[in-house]
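**Q** Here you go, one structure.
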Amino acid sequence: MKKPWRREKHINSLPEVFSSVPIPESGSSWRKFLAFFGPGLMIAVGYMDPGNWATDIAGGARFGYALLAVILISNLFAIVLQHLALKLGIATERDLAQACRDHFSPKVNFLLWLFCEIAIAAMDLAEVIGTAIAINLLFGIPLTWGVAITIIDVFIILLLQARGFRWLESVVGGLMFIVLVCFAYELVISRPALFPVLEGLLPKKEIVTNPSMLYIAIGILGATVMPHNLYLHSSIVQTRNYKRTEEGKREAIRFATIDSTVALFIAFFINAAILILAASTFHGTGYEHIADIHDAHKMLEPLLGTGLASIAFAVALLASGQNSTLTGTLAGQIVMEGFLDIRIKPWLRRLITRLVAVVPAFVVTILYGEQGTSDLLVLSQVVLSMQLSFAVVPLVMFTGDRLKMGRFVNPLWLKILAGIITFIIVVLNAYLLYAELF
């Protein structure tokens, strides 16, 4: 049902950094873009977290380059949805969680908050496991100790944010660059065939008709489009000190969309590189069964003939896990403050989020070791798939409501496109959930 916002006045999203990054009023468009550049990078890291690695490796090892098209389509979905999220944040000066609290009844809000917290815990679980695996691969530290070390991340985030939001964005950008360089190197030494790679970007009917391929394809979609990113993006775009006028907001939406799109194409390259590496190294060699980060790491050195391949793989995994951790805990703060209007000290909020993920990871690594952590990584992606619809549907609904968005309401073509994407996501994630359970 379409209706205006109930409350005109509300507390700013992430008030400690709201409107804290200056935007030049004059100068070139390039200079302004650089001022807006940053939130997109923080969003992009959620699209290449350790949970993505498992599905990309499995897809490449089993089916070669065929599922590259799914990564590309998922990325295009993400570009559209992140545009809607940033537009909601800039146009209404509400993040998605605040918008839900303003629109829905308290009971519905509580359920949405609960689902979202479960999803954030599941995502954080993937980062904890991914980081612990990377530490184990690089330094030989047992997985249980690696899980314990991840608690330190909480304090790193606090230290960075205390120095200013730009510091946080710079660290995320630096870690993302490390991942990019590592996989560029991996692609060079694995020497994938160019034409099959390009052919893989075109959708094939086998993706739908082959049940095994369809299952992994849905897993890639579920692991790519992250629900917490929609809440996060709608908040952190408001860290820019743009003019809160119609003209200023239009300019902010334009530059923020460019920022988001560029960053998501970097994420696409990295996700595609993981699948291409798995396809060129394992597919057709008798190692098609590899669908595990540990196994992939072990086999890279003997198959590619250089120890640097496995080291670069582990370094990229560590950087990816750290990056996703930085943004995931921030999303947890936004969700709690937005849905419940509860403000607790940031260090306590992040420590709670991390402990919810660390405890199950710690128990599983002690009881079941490597295999248990791999299964837990898969489970975390299923939980994320369950939550995705609960974030996408309100976002599409709000940005298509003229009473809420005013002149920034989605045009008809975007409403149709967003509706199609929402339908596909809801149906495919419901199928994935059914397949996992039954």
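Numbering starts fresh at 1 for the residues of each chain in the structure tokens, the chains themselves are lettered A, B, ... in the order given, and ligands are numbered from 1 as they appear.
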List every residue of range 174-417 of chain A that DSSP, applied to the backbone, labels as helix (DSSP H, G or I), and write the result as a ChimeraX atom specification.
**A** /A:174-190,194-200,206-209,211-224,227-239,246-282,293-304,307-340,346-399,402-408,412-417
**Q** If you count only C-alpha atoms, which residues fall within 6 Å of Leu275 in chain A, apart from same-chain ones fewer than 6 positions away, as a list of chain:residue names?
**A**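 So the residues in contact are A:Asp56, A:Ile57, A:Gly60.
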**Q** Considering only C-alpha atoms, can you say which of A:His289, A:His228, A:His283, A:Lys249 comes closest to Asp124 in chain A?
**A**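 Smallest separation from Asp124 in chain A among the options: A:His228.
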**Q** Do you know which residues are at most 8 Å from range 419-433 of chain A counting only C-alpha atoms, after dropping those on the same chain fewer than 4 positions away, and could you put them as a ChimeraX atom specification?
**A** /A:77,215,218-219,222,382,385-386,388-389,392-393,396,415,437
**Q** Do you know which residues are at most 10 Å from Pro203 in chain A counting only C-alpha atoms, after dropping those on the same chain fewer than 4 positions away, and could you put them as a VMD selection string?
**A** chain A and resid 66 to 70 72 to 73 199 207 to 208
**Q** Looking at A:Ser260, A:Leu96, A:Ala279, A:Met123, which one is nearest to Phe390 in chain A, with distances taken over only C-alpha atoms?
**A**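 Counting only C-alpha atoms, the residue closest to Phe390 in chain A is A:Leu96.
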**Q** Within 7 Å of Tyr47 in chain A, counting only C-alpha atoms, which residues show up once you throw out same-chain ones fewer than 2 positions away? Write them as a PDB file with N, CA, C and O atoms, in the first residue's frame, please.
**A**
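Listing of part-v3.pdb after writing:
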ATOM      1  N   ALA A  44      31.065  -3.451  -2.781  1.00  0.00           N
ATOM      2  CA  ALA A  44      31.570  -4.475  -3.698  1.00  0.00           C
ATOM      3  C   ALA A  44      32.215  -5.640  -2.966  1.00  0.00           C
ATOM      4  O   ALA A  44      32.150  -6.781  -3.433  1.00  0.00           O
ATOM      5  N   VAL A  45      32.844  -5.380  -1.805  1.00  0.00           N
ATOM      6  CA  VAL A  45      33.538  -6.467  -1.107  1.00  0.00           C
ATOM      7  C   VAL A  45      32.559  -7.547  -0.636  1.00  0.00           C
ATOM      8  O   VAL A  45      32.925  -8.717  -0.510  1.00  0.00           O
ATOM      9  N   ASP A  49      32.960 -12.188  -1.069  1.00  0.00           N
ATOM     10  CA  ASP A  49      33.377 -12.694   0.236  1.00  0.00           C
ATOM     11  C   ASP A  49      33.677 -14.191   0.136  1.00  0.00           C
ATOM     12  O   ASP A  49      33.415 -14.808  -0.904  1.00  0.00           O
ATOM     13  N   THR A 224      25.978 -14.045  -4.388  1.00  0.00           N
ATOM     14  CA  THR A 224      26.435 -12.790  -4.999  1.00  0.00           C
ATOM     15  C   THR A 224      25.641 -11.596  -4.472  1.00  0.00           C
ATOM     16  O   THR A 224      26.218 -10.604  -4.019  1.00  0.00           O
ATOM     17  N   VAL A 225      24.324 -11.645  -4.567  1.00  0.00           N
ATOM     18  CA  VAL A 225      23.499 -10.516  -4.146  1.00  0.00           C
ATOM     19  C   VAL A 225      23.286 -10.614  -2.633  1.00  0.00           C
ATOM     20  O   VAL A 225      22.558 -11.480  -2.161  1.00  0.00           O
ATOM     21  N   MET A 226      23.944  -9.754  -1.871  1.00  0.00           N
ATOM     22  CA  MET A 226      23.950  -9.849  -0.411  1.00  0.00           C
ATOM     23  C   MET A 226      22.930  -8.898   0.212  1.00  0.00           C
ATOM     24  O   MET A 226      22.977  -7.689  -0.039  1.00  0.00           O
ATOM     25  N   ALA A 267      34.288  -6.172  -8.705  1.00  0.00           N
ATOM     26  CA  ALA A 267      33.862  -7.396  -8.016  1.00  0.00           C
ATOM     27  C   ALA A 267      33.533  -8.499  -9.024  1.00  0.00           C
ATOM     28  O   ALA A 267      33.835  -9.675  -8.790  1.00  0.00           O
TER      29      ALA A 267
END
**Q** For Arg6 in chain A, which residue among A:Val409, A:Leu403, A:Ala309, A:Ile236 is the nearest when counting only C-alpha atoms?
**A**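 Nearest candidate to Arg6 in chain A out of A:Val409, A:Leu403, A:Ala309, A:Ile236: A:Leu403.
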**Q** Looking at only C-alpha atoms, which of A:Ile120, A:Ile311, A:Ile366, A:Ala91 is the one that sits closest to Ile334 in chain A?
**A** A:Ile120
